[in-house]
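Right, one structure below, let's go through it.
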Amino acid sequence: MRNLKLLKSLRSSELQGPGSPQCFSVRGDTGSLLVASQFSITEFDPRTGQVLSEASLTADGFLPEDGTGSVVGLQDLAELESACLATAGGDVVLFNFNTFQLECVGSVDSGLTSMSWSPDEELVALTTGQETVIMMTKDFEPITEVGIHQDDFGEGKFITVGWGKKETQFHGSEGKQAAQRKNQEVQPAAVWDDRRPRVTWRGDGQLFAVSAVCPQTGSRKVRVWNREGVLQATSEPINGLEQALCWKPSGSLIASTQRHPNKHSVVFMEKNGLLHGDFTLPFSKDQTKVKELLWNSDSTVLTVWLEDMTAGEDGQINTYIQLWTVGNYHWYLKQSLDFGRDPQKAPVCVCWDPERPLRLHVVTRSWTSVTYDWGWTTERSPGLDGGDNANVAVIDGDKVLVTTFRQCVVPPPMCSFELQLTSPVNQVTFLCKPQRTNQLSVFTADGNVSVYSQDSEEQPGKAGFRTSSPLVLQKTLRVALLQQEPLSLRQLLWLEDELFVGVSAGLLPTSSTLLLLRPDQDATDTLSVRSEVEVDGVVVSLVHCSQSGTVALQLEDGQIKKLLCDGPEPSVEDWHDSSGCSVNFPVPCVQTALCSISGEEYLLGLTDRSHLYAGDTELASNVSSFAVCNDFLIITTHSHTCRCLHLSTLSVKALQAALASDGGQNDETLRRVERGSRIVTVVPQDTRVILQMPRGNLETVHHRALVLAQLRKWLNSLRFKEAFDCMRKLRINLNLIYDHNPKVFLENILTFITQLNSINHINLFLTELKEEDTTSSMYPHPDSSAVQTQPASGQKKVDVVCDALRSAMESMDPNKFCLSILTSHVKKTVPELEIALQKVHELRVNPPKAPGAVSAEEALKYLLFLVNVNDLYEHSLGTYDFDLVLMVAEKSQKDPKEYLPFLNMLKSLELNYQRYTIDKHLKRYRKALLHLSKCGQEHFPEALQLVKEQKLYSEALRLYAADKAQYKALSCIYAEHLVEQQQAEQAGLLLWRCGELASALQAFASSSSWRNAICVAQQMPLPPDQLALLARDLAEKLTEQRRYSDAALLLDQYAKDCEEAILALITGALWEEALRLIYMHNRQDITETNLKPALLDAVSAQTAFMEAQVATFTRHRTRLAVVREQKEKARLNMLDEDGPDCPDAELYSEASSVMTGSKYSQSNSRISSRSSKNRRKAERKKLSLKEGNPLEDRALMVALGEIITTVDKMREEVHNLLKALALFHFDRQAEKLQLTYEEALQAMEAALPEVWPEGLQTNQAPLTGPNSTANSIMASFQQQQQQKPAASQQDAEVPTPPKMRNSVKWKLAVLK
């Protein structure tokens, strides 16, 4: 839906040469024009009008001096730095641009009728006067010469498979007479046909086509040849085929013209010569003739060069140039240039620029050259309010096709309505005044401006539906402007009701004039120039901003200017930014738009190379189209995405970063679109973006950013109905209604219910509720400060909303909102099915009499829709209401044979036992036990069985009195359970309190709870001998558990065996307590026989143990130093090899093993599902002390810490031993032990700073220092970011240094 808009035109009339131009070519490298006449060849620069080189063709005899000769072909050859021309006399001449000399490289006696070079300039095809084609290389070496007229079809001849004759085929509406109809004879070529062959090459240079008049029939035929000069195909006989011929550069079609009995068409042929489509020229049958057809270099525009068949009253003929484009298989006439009847202004040479696809060169008979630069544009209404219909106007000849996208999306070539003009349309512009942007004006080729405005009454559509009001013609204004050539007025802009701004050529070729046009006071139907502003530069775009009223213009070199119309005289000034600096585009842009970014106005520009600029700042480099609407910038990219960015919240740098990023998972600014999509328009104050695909069809997308922005506006203004409808249609999660601002929603919940006013919509909202905060997960707000937090009430979100809605609905109309109230019960985090079922039951018992109220049947049916029928059946059974159970069962798919016997059986039971049976069936065992406890003594065995099966021991004990037999029985089975669970002491307590002393004693004895066991034994009571035996058994168990003090107490007080008690204390190294018993029982003999030898043995054992610990500590400490030194060397070697900016160098620090530890993080992930035993084994393996282990330094630190902790814990034990040694005069042994232990403690304390140096934890600072660079610091920082998870895991593995208890006094002063 794009139009061709004239960006600039360059007219040069300084060149004057002898004769008239005959051939024309453009030099691709310099942009200069080559013109050949019957006398000379001239190269000139159209920008300056300066002749660069010239050579006479008559001086050397290539053409006759009387001017009767002609040039039939001219081609620029960049590789040879020459121009090749062919004369009708048969000479092929090279014109050298460096020496300005002419050289004849070949001659054909029969003369030449045309010359055509292949696109790659490797081959040239010459047609001769003998109707032959000569193929030559670029060095003019002949390849082949063949006759144009061949009897054979060619190598691509069709194959007939014999599927019936013409007489047996179906002929459609023509009937059977078509079978007998003879083929009509082909009419000869038109009288005005010059009979010269036309040669055209395909874009890849593999094929070329020749159109020539057949000598037998006198009509034209098209033949297709390959590069070797071998005929490939011959066209079918085409009646009325004319001379124009041009192969589409993309290679698909060959264009020509055909005159039908009732119309004049441009037809297309395939390479096999068959017709494939056409379009009709907007002229009557014999009004015009087509001189040439020309495709531009990218095959998007087809130029038709025509002139009238008959002269006018003044004897002159009119000449036209039309530009056609195709979209969705429809051909649009986009531009029509009328050159009038003056023969001197009529074009004699027309061609497209080989480098710039939309640049057209025209040379007139009077040697005037005009260069037109076109650009693609979409004419859309500029309104930003809801009254703008999002109009898009498409030019199609003398019609303007208008589509109002706010009301409907009509695929082209159809439209909402057409505007019929009397002359071909050149420009369309919409009124830039707010609230009236639907009005448009049309500038036509005859120099008139037609103004259209909206009709006040709506018109019914063709199919009966109502459409937007079509525009009606308000007035037609004639532009009072002298036009030297077509389209002298360009870039027309409709600023106000009676103010137009346009651009025309300036006084100099490098300047432009801005024209301010207003209706003439005397003749209101005439637009006259009221003001002129001369601009030093060629204006290529003019754009207006309806918000600020700014008019910006862009020059061909990228300069940006601002038009000031407020003063007495309009003026133009440079564009400045907020700091006062001049701002220009680095390169000229083909599409521009004004917008405001963070409060500052910018001019956005898109180049033909897909670069998007905001002033002089490049925003992106892969943009295919863009549009600005309601503070949003919408772009499509060549990576097939559509971005939508909110300009008021972003700076230019933030805009750059956003366009450079790929977007996250929930990035609302990004969405994928179809390949090649372009933006047509954006509906203002809406969510729709209209995209056009490459073929021409349209797609409407609701961009997530526009949708969410619109939803936030609606929610802020409490327009819940519009927001809900939009979210439901576009499948936006309805949780956003609450999550956007929970406080406001809860305060206005009555407004929400009133606006929705639909049970189904409220139910839909309730069923979509979930705990997730969608504003932080699915739809994060682009402005993080705008995120609302949920109320800090401690309740869950779903429960809060359900309760609030239910309360509001019950206060408004509980009968009307009955189903929604049920939904609010069911959708809570813990569904309140019982309450919901009870309300259904109430509806059945007391049916509401209000009109429209929901019946119990409907409510239950709705509940069954929300909840699984089996769950609802069981919950209804749990209410013990059999009427309700039957009501649910009847609505389910259950077979009555399944549930009726069961319900009947329940009804026959006693009430408590009935409820017990129901609860047990529903697996509500606690409730079942409660009801069963009320059923009497006869059901107690069943209760015991239930308690055992479901392990409800504590609950059962609370249901029976402590003095009951049931309580004792429950305690016994509970005790059995506790014994099985290895909790015999608790079992003994239960048995003791319920009077089962023998079982309690056994339980206490098995758990080594000797005090409780002695108490129970004395309560029974046990005889003294059995009590002593019990004490010995308990003492033996305690001795095995190294509880020597308790064992000694039992032996001394209850077993009355003091010697065994003393020996137990000596064995446990409890020296002082042993001495107490020795002297208490007067057994000093044990001192000599047992105590003193035990003291000496203890000294020897302690000394040997400490020496072994110190030796191991020293060995580990030495190995740790070696390991750390090796790692430091490895780090330094890496620095030497890779330089100081190597990001991995930090990994070899003495406090980090990240590099080698990474494989353990992988192994941890592999064993994460193993058992705890295997995990412990893996941990031990990881911290192995084996040399070469990657984590050997960590393992050594762990081992050293364990040694220090072990030795430090010996302070009290050593202190007690030293006191006993000193008492019995073992001073030498005590001093040695004290010295050994002191030396061990001092050595370990001194080693703490070495083993655990300061900053032992992984250093998180970037790698800095005198040898670091910016790159190395950045690389180190990035590496740390990547290694954060692994580093945090390894930091937890770094052992902390042990703390030594220096405050514990253990030494004896007497031993110093």
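Ordering of the structure tokens sets the chain letters (A, B, ...); residue numbers start at 1 within each chain; ligands are numbered from 1 in the order shown.
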Backbone-only DSSP, strand (DSSP E) members of region 674-780 of chain A, as number ranges by chain: A: 678-682, 688-692, 698-702
Shell around region 1008-1016 of chain A at 7 Å using only C-alpha atoms, local window under 6 positions removed, as a ChimeraX atom specification: /A:985,997,1001,1034
Residues of the last selection are to be written out with all heavy atoms, as a PDB file, in the first residue's frame.
```
ATOM      1  N   GLU A 985      12.459 -45.676  75.749  1.00  0.00           N
ATOM      2  CA  GLU A 985      12.319 -44.876  76.970  1.00  0.00           C
ATOM      3  C   GLU A 985      10.928 -44.253  77.040  1.00  0.00           C
ATOM      4  O   GLU A 985      10.277 -44.267  78.092  1.00  0.00           O
ATOM      5  CB  GLU A 985      13.395 -43.804  77.023  1.00  0.00           C
ATOM      6  CG  GLU A 985      13.382 -43.018  78.330  1.00  0.00           C
ATOM      7  CD  GLU A 985      14.520 -42.017  78.396  1.00  0.00           C
ATOM      8  OE1 GLU A 985      15.200 -41.791  77.365  1.00  0.00           O
ATOM      9  OE2 GLU A 985      14.750 -41.457  79.488  1.00  0.00           O
ATOM     10  N   LEU A 997       4.125 -52.109  85.311  1.00  0.00           N
ATOM     11  CA  LEU A 997       5.480 -51.882  85.815  1.00  0.00           C
ATOM     12  C   LEU A 997       6.482 -52.853  85.215  1.00  0.00           C
ATOM     13  O   LEU A 997       7.625 -52.482  84.908  1.00  0.00           O
ATOM     14  CB  LEU A 997       5.477 -51.981  87.344  1.00  0.00           C
ATOM     15  CG  LEU A 997       4.593 -50.949  88.053  1.00  0.00           C
ATOM     16  CD1 LEU A 997       4.678 -51.126  89.578  1.00  0.00           C
ATOM     17  CD2 LEU A 997       4.978 -49.540  87.674  1.00  0.00           C
ATOM     18  N   LEU A1001       9.702 -51.644  83.252  1.00  0.00           N
ATOM     19  CA  LEU A1001      11.072 -51.936  83.649  1.00  0.00           C
ATOM     20  C   LEU A1001      11.862 -52.503  82.489  1.00  0.00           C
ATOM     21  O   LEU A1001      13.022 -52.129  82.257  1.00  0.00           O
ATOM     22  CB  LEU A1001      11.057 -52.924  84.821  1.00  0.00           C
ATOM     23  CG  LEU A1001      12.427 -53.371  85.341  1.00  0.00           C
ATOM     24  CD1 LEU A1001      13.233 -52.172  85.825  1.00  0.00           C
ATOM     25  CD2 LEU A1001      12.292 -54.410  86.432  1.00  0.00           C
ATOM     26  N   LEU A1034      22.688 -53.310  84.213  1.00  0.00           N
ATOM     27  CA  LEU A1034      22.666 -51.922  83.709  1.00  0.00           C
ATOM     28  C   LEU A1034      24.072 -51.330  83.664  1.00  0.00           C
ATOM     29  O   LEU A1034      24.422 -50.601  82.715  1.00  0.00           O
ATOM     30  CB  LEU A1034      21.761 -51.066  84.609  1.00  0.00           C
ATOM     31  CG  LEU A1034      20.255 -51.341  84.501  1.00  0.00           C
ATOM     32  CD1 LEU A1034      19.502 -50.547  85.557  1.00  0.00           C
ATOM     33  CD2 LEU A1034      19.734 -50.975  83.111  1.00  0.00           C
TER      34      LEU A1034
END
```
CA of Leu619 (chain A) to CA of Val652 (chain A), straight-line distance in Å: 7.8 Å
DSSP helix (DSSP H, G or I) residues within region 588-707 of chain A, as a list in words: Leu647, Ser648, Thr649, Val652, Lys653, Ala654, Leu655, Gln656, Ala657, Ala658, Leu659, Ala660, Arg704, Ala705, Leu706 and Val707 of chain A
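Computed from the coordinates, the CA of Leu659 (chain A) to CA of Glu379 (chain A) distance equals 25.8 Å.
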